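Participant: Input final-v6.txt, format and content: compact mmCIF, C-alpha atoms and all ligand atoms.
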```
# COMPACT_ATOMS: atom_id res chain seq x y z
CA MET A 5 41.66 -17.64 51.26
CA LYS A 6 38.28 -16.09 50.88
CA THR A 7 37.32 -18.68 48.20
CA CYS A 8 38.30 -21.50 50.56
CA LEU A 9 36.05 -20.24 53.31
CA LEU A 10 33.13 -19.84 50.94
CA PHE A 11 33.64 -23.34 49.63
CA LEU A 12 33.66 -24.84 53.12
CA ARG A 13 30.55 -22.97 54.00
CA ALA A 14 28.74 -24.20 50.89
CA CYS A 15 29.60 -27.78 51.81
CA TYR A 16 28.37 -27.34 55.32
CA VAL A 17 25.03 -25.98 54.14
CA SER A 18 24.47 -28.73 51.59
CA LEU A 19 25.18 -31.40 54.21
CA LEU A 20 22.43 -29.95 56.35
CA LEU A 21 19.94 -29.95 53.49
CA LEU A 22 20.60 -33.47 52.27
CA PRO A 23 19.82 -35.91 55.07
CA ALA A 24 20.78 -39.03 53.14
CA THR A 25 23.40 -39.76 50.52
CA PRO A 26 22.36 -41.81 47.48
CA SER A 27 22.82 -45.58 47.59
CA LEU A 28 24.57 -47.05 44.57
CA ALA A 29 25.01 -50.47 43.00
CA GLY A 30 26.11 -50.94 39.42
CA ASP A 31 24.14 -48.43 37.34
CA ILE A 32 21.34 -48.00 39.86
CA MET A 33 21.15 -45.00 42.19
CA ILE A 34 18.59 -44.71 45.02
CA GLU A 35 17.64 -41.32 46.46
CA ASN A 36 15.04 -39.83 48.79
CA ALA A 37 14.18 -43.16 50.41
CA TRP A 38 11.66 -42.69 53.20
CA ILE A 39 8.94 -44.52 55.10
CA ARG A 40 5.76 -42.83 56.24
CA GLU A 41 5.65 -42.42 60.01
CA MET A 42 3.60 -45.19 61.59
CA PRO A 43 0.74 -44.64 64.03
CA SER A 44 1.19 -46.60 67.26
CA GLY A 45 -0.04 -50.17 66.97
CA ALA A 46 0.24 -50.22 63.17
CA GLU A 47 1.85 -53.25 61.54
CA VAL A 48 2.02 -52.01 57.96
CA ALA A 49 4.09 -49.20 56.50
CA ALA A 50 4.59 -47.64 53.09
CA GLY A 51 8.03 -46.90 51.66
CA TYR A 52 8.90 -44.43 48.88
CA LEU A 53 12.06 -43.75 46.87
CA ASP A 54 13.51 -42.48 43.61
CA ILE A 55 15.40 -44.99 41.47
CA THR A 56 17.67 -43.76 38.67
CA ASN A 57 19.09 -46.08 36.03
CA GLN A 58 22.40 -44.57 34.90
CA GLY A 59 23.18 -47.47 32.58
CA SER A 60 22.35 -48.27 28.96
CA VAL A 61 20.06 -51.28 29.53
CA ALA A 62 16.74 -51.53 31.37
CA ASP A 63 16.77 -52.90 34.90
CA ARG A 64 13.97 -54.12 37.13
CA LEU A 65 13.28 -53.88 40.83
CA ILE A 66 12.25 -57.46 41.61
CA GLY A 67 12.19 -57.74 45.37
CA ALA A 68 12.65 -56.11 48.76
CA GLU A 69 13.31 -57.15 52.34
CA ALA A 70 12.79 -54.77 55.27
CA SER A 71 14.48 -55.21 58.63
CA GLY A 72 12.02 -55.84 61.45
CA ALA A 73 9.19 -56.82 59.08
CA MET A 74 7.75 -60.02 57.65
CA SER A 75 7.58 -58.88 54.03
CA ALA A 76 8.08 -55.95 51.69
CA THR A 77 6.32 -56.08 48.32
CA LEU A 78 5.83 -53.75 45.37
CA HIS A 79 2.40 -52.13 45.11
CA HIS A 80 0.63 -49.85 42.71
CA MET A 81 -2.08 -47.52 43.98
CA THR A 82 -4.80 -45.96 41.87
CA ILE A 83 -7.94 -43.98 42.62
CA ASP A 84 -10.95 -45.29 40.68
CA ASP A 85 -13.84 -43.29 39.19
CA ASN A 86 -15.69 -43.39 42.53
CA GLY A 87 -12.73 -41.91 44.36
CA VAL A 88 -11.89 -45.19 46.06
CA MET A 89 -8.19 -45.98 46.51
CA ARG A 90 -7.12 -49.40 45.32
CA MET A 91 -3.81 -51.17 45.64
CA ARG A 92 -2.53 -54.12 43.71
CA PRO A 93 0.73 -56.05 43.92
CA LEU A 94 3.32 -55.75 41.15
CA GLU A 95 5.79 -58.50 40.31
CA ASN A 96 8.46 -55.99 39.30
CA LEU A 97 9.04 -52.39 38.29
CA GLU A 98 11.10 -51.53 35.23
CA ILE A 99 13.50 -48.59 35.16
CA ALA A 100 14.42 -47.64 31.60
CA PRO A 101 18.00 -46.56 30.85
CA GLY A 102 18.57 -42.91 31.75
CA GLU A 103 15.23 -42.67 33.56
CA THR A 104 14.26 -41.99 37.16
CA LEU A 105 11.35 -43.93 38.61
CA HIS A 106 9.59 -42.00 41.37
CA MET A 107 7.87 -44.20 43.90
CA ALA A 108 5.76 -41.58 45.68
CA PRO A 109 2.46 -41.26 47.60
CA GLY A 110 -0.49 -41.87 45.30
CA GLY A 111 1.39 -44.27 43.03
CA ASN A 112 3.92 -47.06 43.34
CA HIS A 113 5.22 -47.88 46.79
CA LEU A 114 6.84 -50.55 48.90
CA MET A 115 4.23 -52.19 51.10
CA ILE A 116 5.94 -53.29 54.28
CA MET A 117 3.87 -55.77 56.27
CA GLY A 118 4.15 -57.57 59.58
CA VAL A 119 6.27 -54.86 61.23
CA ASN A 120 7.19 -56.18 64.71
CA GLU A 121 7.58 -52.80 66.42
CA PRO A 122 6.38 -49.62 64.65
CA TYR A 123 9.43 -47.96 63.13
CA GLU A 124 10.66 -45.11 65.27
CA ALA A 125 10.12 -41.64 63.77
CA HIS A 126 13.30 -40.06 62.39
CA SER A 127 15.26 -43.29 62.50
CA ASP A 128 16.67 -45.14 59.48
CA VAL A 129 15.32 -48.55 58.50
CA ASP A 130 17.50 -50.76 56.29
CA ILE A 131 15.75 -52.21 53.27
CA ILE A 132 17.48 -54.59 50.90
CA LEU A 133 16.35 -53.92 47.33
CA THR A 134 17.02 -56.55 44.66
CA PHE A 135 17.46 -55.60 41.01
CA GLU A 136 17.63 -57.95 38.06
CA GLN A 137 20.85 -56.40 36.70
CA ALA A 138 22.40 -54.41 39.55
CA GLY A 139 21.88 -57.07 42.25
CA THR A 140 21.10 -56.09 45.84
CA ILE A 141 21.37 -52.64 47.40
CA THR A 142 20.96 -52.09 51.14
CA THR A 143 19.32 -48.68 51.48
CA PRO A 144 18.54 -46.74 54.66
CA PHE A 145 14.95 -45.44 54.57
CA PHE A 146 14.30 -42.38 56.73
CA VAL A 147 11.14 -42.65 58.84
CA GLY A 148 9.22 -39.40 58.33
CA GLN A 149 8.85 -37.23 55.28
CA HIS A 150 11.91 -35.85 53.54
CA ALA A 151 11.57 -32.17 52.75
CA ARG A 152 12.21 -33.09 49.13
CA ALA A 153 9.66 -35.88 49.05
CA ASN A 154 7.10 -33.52 50.55
CA ASN A 155 7.70 -31.00 47.81
CA ASP A 156 7.38 -33.64 45.13
CA ALA A 157 4.05 -34.86 46.50
CA ALA A 158 2.68 -31.32 46.80
CA HIS A 159 3.90 -30.51 43.32
CA SER A 160 2.43 -33.52 41.56
CA GLN A 161 -0.94 -33.38 43.28
CA SER A 162 -1.33 -29.59 43.54
CA MET A 163 -2.91 -29.95 46.95
CA SER A 164 -3.02 -27.67 49.92
CA HIS A 165 -1.31 -28.79 53.09
CA ASP A 166 -4.57 -29.61 54.87
CA GLN A 167 -5.87 -31.79 52.07
CA ASN A 168 -2.59 -33.60 52.01
CA GLN A 169 -2.89 -34.44 55.66
CA ASP A 170 -6.39 -35.78 55.14
CA GLN A 171 -5.14 -37.99 52.40
CA ASN A 172 -2.32 -39.28 54.58
CA HIS A 173 -4.84 -40.14 57.23
CA ASN A 174 -7.05 -42.02 54.77
CA MET A 175 -4.05 -43.81 53.44
CA GLU A 176 -3.13 -45.06 56.90
CA GLN A 177 -6.61 -46.36 57.48
CA MET A 178 -6.50 -48.02 54.13
CA LEU A 179 -3.19 -49.67 54.92
CA GLU A 180 -4.80 -51.21 57.98
CA ASN A 181 -7.78 -52.42 55.96
CA GLU A 182 -5.49 -53.81 53.36
CA GLN A 183 -3.59 -55.82 55.91
CA MET A 184 -6.80 -57.68 56.74
CA LYS A 185 -7.61 -58.29 53.09
CA HIS A 186 -4.15 -59.65 52.53
CA GLY A 187 -4.65 -62.23 55.22
CA GLN A 188 -7.92 -63.42 53.67
CA ASN A 189 -7.29 -63.19 49.93
CA HIS A 190 -3.63 -63.79 49.61
CA GLN A 191 -3.94 -66.42 46.89
CA HIS A 192 -6.56 -64.48 45.04
CA ASN A 193 -4.10 -61.62 44.53
CA HIS A 194 -1.49 -63.68 42.76
CA GLY A 195 -0.85 -62.55 39.21
CA ALA A 196 -3.19 -59.61 39.67
CA ASN A 197 -0.72 -57.24 38.04
CA THR A 198 -1.40 -58.42 34.51
CA ASP A 199 -4.82 -56.81 34.20
CA ASP A 200 -3.63 -53.30 33.51
CU CU A 301 0.07 -51.01 49.20
```
Mind turning the file's structure into structure tokens?
Facilitator:
Amino acid sequence: MKTCLLFLRACYVSLLLLPATPSLAGDIMIENAWIREMPSGAEVAAGYLDITNQGSVADRLIGAEASGAMSATLHHMTIDDNGVMRMRPLENLEIAPGETLHMAPGGNHLMIMGVNEPYEAHSDVDIILTFEQAGTITTPFFVGQHARANNDAAHSQSMSHDQNQDQNHNMEQMLENEQMKHGQNHQHNHGANTDD
């Protein structure tokens, strides 16, 4: 009897700590999917997630569609020698068998553009992800930072909380700038992901 109670309690606690269950299709598992909270008036958003390939062959993320937005594309972000953040579109992202691809702040992300109404904080936004092998997976993205995603970002960048907030702020400004560039140089960006 005592074991039963302990077991129930453990379940209850873990439900509270894990806000979203993984999304699955074929050998692909999606976890920790979240979208950065949007400032009012913003029309672009950045989405992050962890993709695990549980199969024995490589798969590729080849496309995305976000509800309430015009487009969702794959982007890679780098910081150049002068400390300037740059983003470039990617045609796809490969996930090797047995590997987890972390799409996290400071690296690869989903660039969601033409958002009709800024996504409401703490809501879930459905994004359809298309994989070469696994097909499509509709995944709820939580608007706001997952506790786990936060830890990952802090861990990989070794930054204090304040610095992190500054970076988030810069990132948002950059997303707005990027939206303008996209409008002007859309054709110029095509095939830009081959110059790595
Ligand atoms: Cu981007």
Participant: Do a neighbour search on His113 of chain A at 9 Å with all atoms listed in the file, toss out local chain neighbours closer than 5 positions, and write the hits as a list in words.
Facilitator: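 Near His113 of chain A, the qualifying residues are Ala50, Gly51, Tyr52, Leu53, Thr77, Leu78, His79, His80, Met81, Met107 and Ala108 of chain A.
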Participant: Mind running chain A against ligand CU 301 (chain A) at 10 Å and telling me each contacting residue's nearest atom pair with the distance in Å (one decimal), counting all atoms listed in the file, chain and number ascending, as a tab-separated table?
Facilitator:
```
residue	atom	partner	partner_atom	distance
A:Val48	CA	A:CU301	CU	9.0
A:Ala49	CA	A:CU301	CU	8.5
A:Ala50	CA	A:CU301	CU	6.8
A:Gly51	CA	A:CU301	CU	9.3
A:Ala76	CA	A:CU301	CU	9.7
A:Thr77	CA	A:CU301	CU	8.1
A:Leu78	CA	A:CU301	CU	7.4
A:His79	CA	A:CU301	CU	4.8
A:His80	CA	A:CU301	CU	6.6
A:Met81	CA	A:CU301	CU	6.6
A:Arg90	CA	A:CU301	CU	8.3
A:Met91	CA	A:CU301	CU	5.3
A:Arg92	CA	A:CU301	CU	6.8
A:Pro93	CA	A:CU301	CU	7.3
A:Leu94	CA	A:CU301	CU	9.9
A:Gly110	CA	A:CU301	CU	10.0
A:Gly111	CA	A:CU301	CU	9.2
A:Asn112	CA	A:CU301	CU	8.0
A:His113	CA	A:CU301	CU	6.5
A:Leu114	CA	A:CU301	CU	6.8
A:Met115	CA	A:CU301	CU	4.7
A:Ile116	CA	A:CU301	CU	8.1
A:Met117	CA	A:CU301	CU	9.3
A:Met175	CA	A:CU301	CU	9.3
A:Met178	CA	A:CU301	CU	8.7
A:Leu179	CA	A:CU301	CU	6.7
A:Glu182	CA	A:CU301	CU	7.5
A:Gln183	CA	A:CU301	CU	9.0
```
Participant: List the neighbours of Gln149 of chain A out to 8 Å using only C-alpha atoms; skip same-chain residues closer than 5 positions along the sequence, and give me the result as a ChimeraX atom specification.
Facilitator: /A:38-41,154
Participant: For Val61 of chain A, which residue out of A:Ile99, A:Met33, A:Ala73, A:Leu133 is the nearest one, using all atoms listed in the file?
Facilitator: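 Closest to Val61 of chain A, using all atoms listed in the file: A:Ile99.
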Participant: Using atom CA of Gly148 of chain A and atom CA of Thr134 of chain A as the two end points, give the distance in Å to one decimal.
Facilitator: 23.3 Å
